[in-house]
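As structure tokens, the structure follows; a few thoughts come after it.
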Amino acid sequence: MKNINFKHVIISCLVVYVLGILAFIGSYFVPIIEDPDLQANIALMAALIPAAYLGAYLYYRRGNTTHGFVLGGAMFSSAIVLDALITVPVFIIPHGGNHLSFFGDPGFWLIGLEYVAIVATYWKLKVAKQVQA
């Protein structure tokens, strides 16, 4: 953890968070399937691929070499804090949910696993080769 740049982690995470929220909330305005919550999670999972890739790019473009799993974990941990402070109170609680239902949903953790995996994959494909050379 000695080479992680927390300022850049937070900036990258904020970009991914905003893109994710836009996809999640935006999916409710285009009803395609009967279950709007499932649709929102599917939209988020799809949007997370380019968003997390962009977040990893933003972090690594300044020469940082933090291992991808460490960065992915730090970015996901930051997203958890943002979800607890913003997403749940603003978007979930007004519609009858709570912190427990949000963080207890297996879909949340599956999306988190995807997030970490995308960042780690970016690191493996774009950064690890440069570090070893």
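Please note that chains go A, B, ... in the order of the structure tokens, that every chain numbers its residues from 1, and that ligands are numbered from 1 in the order shown.
Residues surrounding Ala117 in chain A within 12 Å are Leu48, Ile49, Ala52, Tyr53, Ala56, His67, Gly68, Phe69, Val70, Leu71, Gly72, Gly73, Met75, Phe76, Leu110, Ile111, Gly112, Leu113, Glu114, Tyr115, Val119, Ala120, Thr121, Tyr122, Trp123 and Lys124 of chain A [only C-alpha atoms; sequence separation below 2 positions excluded].
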Output of the above residues as a compact mmCIF listing (two decimals), in the first residue's frame, restricted to N, CA and C atoms:
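out.txt, written as the output of this step:
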# COMPACT_ATOMS: atom_id res chain seq x y z
N LEU A 48 -20.65 -0.25 -15.94
CA LEU A 48 -19.46 -0.32 -15.11
C LEU A 48 -18.21 -0.74 -15.89
N ILE A 49 -18.40 -1.50 -16.95
CA ILE A 49 -17.25 -1.97 -17.72
C ILE A 49 -16.45 -0.79 -18.28
N ALA A 52 -15.31 1.73 -15.14
CA ALA A 52 -14.18 1.29 -14.32
C ALA A 52 -12.89 1.30 -15.14
N TYR A 53 -13.00 0.97 -16.42
CA TYR A 53 -11.83 1.02 -17.30
C TYR A 53 -11.32 2.47 -17.38
N ALA A 56 -9.67 3.41 -14.06
CA ALA A 56 -8.32 2.84 -13.97
C ALA A 56 -7.36 3.63 -14.86
N HIS A 67 -0.79 -2.17 -7.62
CA HIS A 67 -1.35 -3.43 -8.12
C HIS A 67 -2.85 -3.25 -8.36
N GLY A 68 -3.35 -3.85 -9.41
CA GLY A 68 -4.74 -3.69 -9.81
C GLY A 68 -5.75 -4.13 -8.78
N PHE A 69 -5.46 -5.22 -8.06
CA PHE A 69 -6.40 -5.67 -7.03
C PHE A 69 -6.43 -4.70 -5.86
N VAL A 70 -5.30 -4.12 -5.54
CA VAL A 70 -5.25 -3.13 -4.45
C VAL A 70 -6.02 -1.88 -4.88
N LEU A 71 -5.77 -1.41 -6.09
CA LEU A 71 -6.50 -0.23 -6.58
C LEU A 71 -7.99 -0.52 -6.68
N GLY A 72 -8.35 -1.67 -7.24
CA GLY A 72 -9.77 -2.03 -7.35
C GLY A 72 -10.44 -2.08 -5.99
N GLY A 73 -9.76 -2.66 -5.02
CA GLY A 73 -10.31 -2.71 -3.66
C GLY A 73 -10.46 -1.33 -3.05
N MET A 75 -10.81 1.52 -4.73
CA MET A 75 -11.87 2.23 -5.45
C MET A 75 -13.25 1.71 -5.03
N PHE A 76 -13.38 0.40 -4.87
CA PHE A 76 -14.66 -0.15 -4.43
C PHE A 76 -14.97 0.27 -3.00
N LEU A 110 -21.86 -8.58 -6.19
CA LEU A 110 -21.47 -9.06 -7.52
C LEU A 110 -20.96 -7.90 -8.37
N ILE A 111 -21.63 -6.77 -8.30
CA ILE A 111 -21.18 -5.57 -9.02
C ILE A 111 -19.83 -5.11 -8.47
N GLY A 112 -19.64 -5.20 -7.16
CA GLY A 112 -18.35 -4.85 -6.56
C GLY A 112 -17.24 -5.76 -7.04
N LEU A 113 -17.52 -7.05 -7.14
CA LEU A 113 -16.54 -8.00 -7.66
C LEU A 113 -16.19 -7.66 -9.11
N GLU A 114 -17.20 -7.32 -9.89
CA GLU A 114 -16.96 -6.91 -11.27
C GLU A 114 -16.06 -5.67 -11.32
N TYR A 115 -16.33 -4.72 -10.46
CA TYR A 115 -15.56 -3.47 -10.39
C TYR A 115 -14.08 -3.77 -10.16
N VAL A 119 -10.78 -3.32 -12.89
CA VAL A 119 -9.58 -2.53 -12.58
C VAL A 119 -8.34 -3.42 -12.59
N ALA A 120 -8.45 -4.61 -12.03
CA ALA A 120 -7.31 -5.54 -12.01
C ALA A 120 -6.95 -5.98 -13.43
N THR A 121 -7.95 -6.17 -14.27
CA THR A 121 -7.69 -6.55 -15.66
C THR A 121 -7.00 -5.41 -16.40
N TYR A 122 -7.44 -4.19 -16.17
CA TYR A 122 -6.77 -3.04 -16.78
C TYR A 122 -5.30 -3.02 -16.38
N TRP A 123 -5.04 -3.20 -15.09
CA TRP A 123 -3.67 -3.21 -14.59
C TRP A 123 -2.85 -4.30 -15.27
N LYS A 124 -3.42 -5.50 -15.37
CA LYS A 124 -2.72 -6.63 -15.97
C LYS A 124 -2.40 -6.36 -17.44
Contacts of range 94-103 of chain A at 9 Å (only C-alpha atoms; same-chain gap of 5+ positions) as number ranges by chain: A: 80, 84, 88-89, 108-109
Residues from last step as file, C-alpha atoms, as a CSV table (one decimal), in the first residue's frame:
chain,number,residue,atom,x,y,z
A,80,ILE,CA,-19.1,1.9,-0.6
A,84,ALA,CA,-23.6,4.8,2.3
A,88,VAL,CA,-28.8,5.1,0.0
A,89,PRO,CA,-30.1,8.3,1.7
A,108,PHE,CA,-24.3,-5.2,-4.9
A,109,TRP,CA,-21.4,-7.5,-4.1
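With only C-alpha atoms taken into account, the protein and nucleic acid residues at most 10 Å from Val30 in chain A (excluding it and anything under 6 positions from it in its own chain) are Pro36, Gln39 and Ala40 of chain A.
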Output for the residues just chosen: all heavy atoms as a CSV table (one decimal), in the first residue's frame:
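Saved to out.csv:
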chain,number,residue,atom,x,y,z
A,36,PRO,N,-38.0,-3.2,-12.5
A,36,PRO,CA,-37.1,-2.1,-12.7
A,36,PRO,C,-35.8,-2.1,-11.9
A,36,PRO,O,-34.8,-1.6,-12.3
A,36,PRO,CB,-38.0,-0.9,-12.3
A,36,PRO,CG,-39.0,-1.4,-11.4
A,36,PRO,CD,-39.2,-2.9,-11.8
A,39,GLN,N,-33.5,-4.4,-13.8
A,39,GLN,CA,-33.0,-3.6,-14.9
A,39,GLN,C,-31.9,-2.6,-14.6
A,39,GLN,O,-30.9,-2.4,-15.3
A,39,GLN,CB,-34.2,-2.9,-15.6
A,39,GLN,CG,-33.8,-2.1,-16.8
A,39,GLN,CD,-35.0,-1.4,-17.5
A,39,GLN,OE1,-35.9,-2.1,-17.8
A,39,GLN,NE2,-34.9,-0.1,-17.7
A,40,ALA,N,-32.1,-1.9,-13.4
A,40,ALA,CA,-31.1,-0.9,-13.0
A,40,ALA,C,-29.8,-1.6,-12.7
A,40,ALA,O,-28.7,-1.1,-13.0
A,40,ALA,CB,-31.6,-0.2,-11.8
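Computed from the coordinates, the CA of Leu44 in chain A to CA of Ile4 in chain A distance equals 26.5 Å.
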Closest pair table for range 79-105 of chain A residues within 12 Å of range 14-18 of chain A, only C-alpha atoms, as a Markdown table:
| residue | atom | partner | partner_atom | distance |
| --- | --- | --- | --- | --- |
| A:Ala79 | CA | A:Tyr17 | CA | 6.6 |
| A:Ile80 | CA | A:Tyr17 | CA | 9.9 |
| A:Val81 | CA | A:Tyr17 | CA | 10.8 |
| A:Leu82 | CA | A:Tyr17 | CA | 8.0 |
| A:Asp83 | CA | A:Tyr17 | CA | 8.8 |
| A:Ile86 | CA | A:Tyr17 | CA | 10.6 |
| A:Thr87 | CA | A:Tyr17 | CA | 9.9 |
With N, CA, C and O atoms retained, write the just-selected residues as a compact mmCIF listing (two decimals), in the first residue's frame.
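What follows is the written file result-v2.txt:
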# COMPACT_ATOMS: atom_id res chain seq x y z
N ALA A 79 -16.28 3.65 -3.15
CA ALA A 79 -17.65 3.62 -3.68
C ALA A 79 -18.64 3.19 -2.59
O ALA A 79 -19.77 3.71 -2.55
N ILE A 80 -18.23 2.29 -1.72
CA ILE A 80 -19.10 1.88 -0.61
C ILE A 80 -19.40 3.08 0.29
O ILE A 80 -20.55 3.29 0.70
N VAL A 81 -18.38 3.87 0.59
CA VAL A 81 -18.58 5.06 1.42
C VAL A 81 -19.53 6.03 0.73
O VAL A 81 -20.46 6.56 1.35
N LEU A 82 -19.32 6.26 -0.58
CA LEU A 82 -20.20 7.15 -1.32
C LEU A 82 -21.64 6.61 -1.36
O LEU A 82 -22.60 7.39 -1.22
N ASP A 83 -21.78 5.31 -1.53
CA ASP A 83 -23.12 4.71 -1.52
C ASP A 83 -23.79 4.90 -0.16
O ASP A 83 -24.98 5.22 -0.10
N ILE A 86 -24.44 8.89 0.14
CA ILE A 86 -25.24 9.59 -0.87
C ILE A 86 -26.33 8.70 -1.46
O ILE A 86 -27.51 9.03 -1.40
N THR A 87 -25.94 7.58 -2.05
CA THR A 87 -26.89 6.76 -2.80
C THR A 87 -28.05 6.29 -1.95
O THR A 87 -29.22 6.44 -2.34
Give the alpha helix (DSSP H) residues of chain A, as assigned by DSSP on the backbone, as an NGL selection string. :A and (6-26 or 36-60 or 68-82 or 99-103 or 106-122 or 128-132)
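Interatomic distance, CA of Val90 in chain A against CA of Ser12 in chain A: 21.9 Å.
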Point-to-point distance in Å for CA of Gly107 in chain A and CA of Ile42 in chain A: 9.4 Å
Show which residues sit within 12 Å of Gln130 in chain A, as a PyMOL selection string. Count only C-alpha atoms, and ignore same-chain residues fewer than 2 positions away. chain A and resi 60+63-65+123-128+132-133
Near-Ile11 in chain A list (9 Å; only C-alpha atoms; drop same-chain fewer than 6 positions) as a PDB file with N, CA, C and O atoms, in the first residue's frame:
ATOM      1  N   GLY A  55     -11.868   4.826 -15.125  1.00  0.00           N
ATOM      2  CA  GLY A  55     -11.324   5.165 -13.811  1.00  0.00           C
ATOM      3  C   GLY A  55      -9.915   4.640 -13.625  1.00  0.00           C
ATOM      4  O   GLY A  55      -9.042   5.335 -13.103  1.00  0.00           O
ATOM      5  N   LEU A  58      -7.576   6.778 -15.706  1.00  0.00           N
ATOM      6  CA  LEU A  58      -7.307   8.065 -15.062  1.00  0.00           C
ATOM      7  C   LEU A  58      -6.286   7.923 -13.933  1.00  0.00           C
ATOM      8  O   LEU A  58      -5.455   8.810 -13.724  1.00  0.00           O
ATOM      9  N   TYR A  59      -6.378   6.825 -13.194  1.00  0.00           N
ATOM     10  CA  TYR A  59      -5.441   6.614 -12.094  1.00  0.00           C
ATOM     11  C   TYR A  59      -4.026   6.324 -12.611  1.00  0.00           C
ATOM     12  O   TYR A  59      -3.056   6.906 -12.146  1.00  0.00           O
TER      13      TYR A  59
END
Hey, which of A:Ile32, A:Val131, A:Met45, A:Val116 ends up closest to Ala74 in chain A? Count only C-alpha atoms. A:Val116
Using only C-alpha atoms, determine which residues lie at most 7 Å from Ala23 in chain A, disregarding the query and same-chain residues fewer than 3 positions distant; provide the list as a ChimeraX atom specification. /A:19-20,26-27,43-44,47
Include all heavy atoms and write out the residues we just selected as a PDB file, in the first residue's frame.
ATOM      1  N   LEU A  19     -20.719   8.122 -13.206  1.00  0.00           N
ATOM      2  CA  LEU A  19     -21.174   7.386 -14.385  1.00  0.00           C
ATOM      3  C   LEU A  19     -22.100   6.226 -13.998  1.00  0.00           C
ATOM      4  O   LEU A  19     -23.101   5.974 -14.667  1.00  0.00           O
ATOM      5  CB  LEU A  19     -19.975   6.877 -15.190  1.00  0.00           C
ATOM      6  CG  LEU A  19     -19.122   7.965 -15.849  1.00  0.00           C
ATOM      7  CD1 LEU A  19     -17.863   7.353 -16.461  1.00  0.00           C
ATOM      8  CD2 LEU A  19     -19.917   8.738 -16.880  1.00  0.00           C
ATOM      9  N   GLY A  20     -21.765   5.553 -12.914  1.00  0.00           N
ATOM     10  CA  GLY A  20     -22.595   4.448 -12.445  1.00  0.00           C
ATOM     11  C   GLY A  20     -23.964   4.908 -11.981  1.00  0.00           C
ATOM     12  O   GLY A  20     -24.990   4.288 -12.303  1.00  0.00           O
ATOM     13  N   GLY A  26     -30.802   6.371 -14.641  1.00  0.00           N
ATOM     14  CA  GLY A  26     -31.317   6.532 -15.999  1.00  0.00           C
ATOM     15  C   GLY A  26     -32.091   5.333 -16.496  1.00  0.00           C
ATOM     16  O   GLY A  26     -33.038   5.466 -17.274  1.00  0.00           O
ATOM     17  N   SER A  27     -31.718   4.142 -16.018  1.00  0.00           N
ATOM     18  CA  SER A  27     -32.397   2.933 -16.480  1.00  0.00           C
ATOM     19  C   SER A  27     -33.862   2.891 -16.045  1.00  0.00           C
ATOM     20  O   SER A  27     -34.683   2.244 -16.697  1.00  0.00           O
ATOM     21  CB  SER A  27     -31.671   1.686 -15.977  1.00  0.00           C
ATOM     22  OG  SER A  27     -31.898   1.495 -14.604  1.00  0.00           O
ATOM     23  N   ALA A  43     -28.179  -2.544 -15.998  1.00  0.00           N
ATOM     24  CA  ALA A  43     -27.641  -1.341 -16.634  1.00  0.00           C
ATOM     25  C   ALA A  43     -26.342  -0.910 -15.954  1.00  0.00           C
ATOM     26  O   ALA A  43     -25.372  -0.527 -16.626  1.00  0.00           O
ATOM     27  CB  ALA A  43     -28.662  -0.209 -16.585  1.00  0.00           C
ATOM     28  N   LEU A  44     -26.318  -0.971 -14.632  1.00  0.00           N
ATOM     29  CA  LEU A  44     -25.104  -0.609 -13.900  1.00  0.00           C
ATOM     30  C   LEU A  44     -23.965  -1.566 -14.229  1.00  0.00           C
ATOM     31  O   LEU A  44     -22.832  -1.132 -14.448  1.00  0.00           O
ATOM     32  CB  LEU A  44     -25.366  -0.592 -12.397  1.00  0.00           C
ATOM     33  CG  LEU A  44     -24.158  -0.295 -11.508  1.00  0.00           C
ATOM     34  CD1 LEU A  44     -23.515   1.035 -11.872  1.00  0.00           C
ATOM     35  CD2 LEU A  44     -24.568  -0.319 -10.050  1.00  0.00           C
ATOM     36  N   ALA A  47     -22.727  -0.618 -17.670  1.00  0.00           N
ATOM     37  CA  ALA A  47     -22.053   0.683 -17.678  1.00  0.00           C
ATOM     38  C   ALA A  47     -20.748   0.654 -16.895  1.00  0.00           C
ATOM     39  O   ALA A  47     -19.837   1.450 -17.163  1.00  0.00           O
ATOM     40  CB  ALA A  47     -22.978   1.751 -17.105  1.00  0.00           C
TER      41      ALA A  47
END
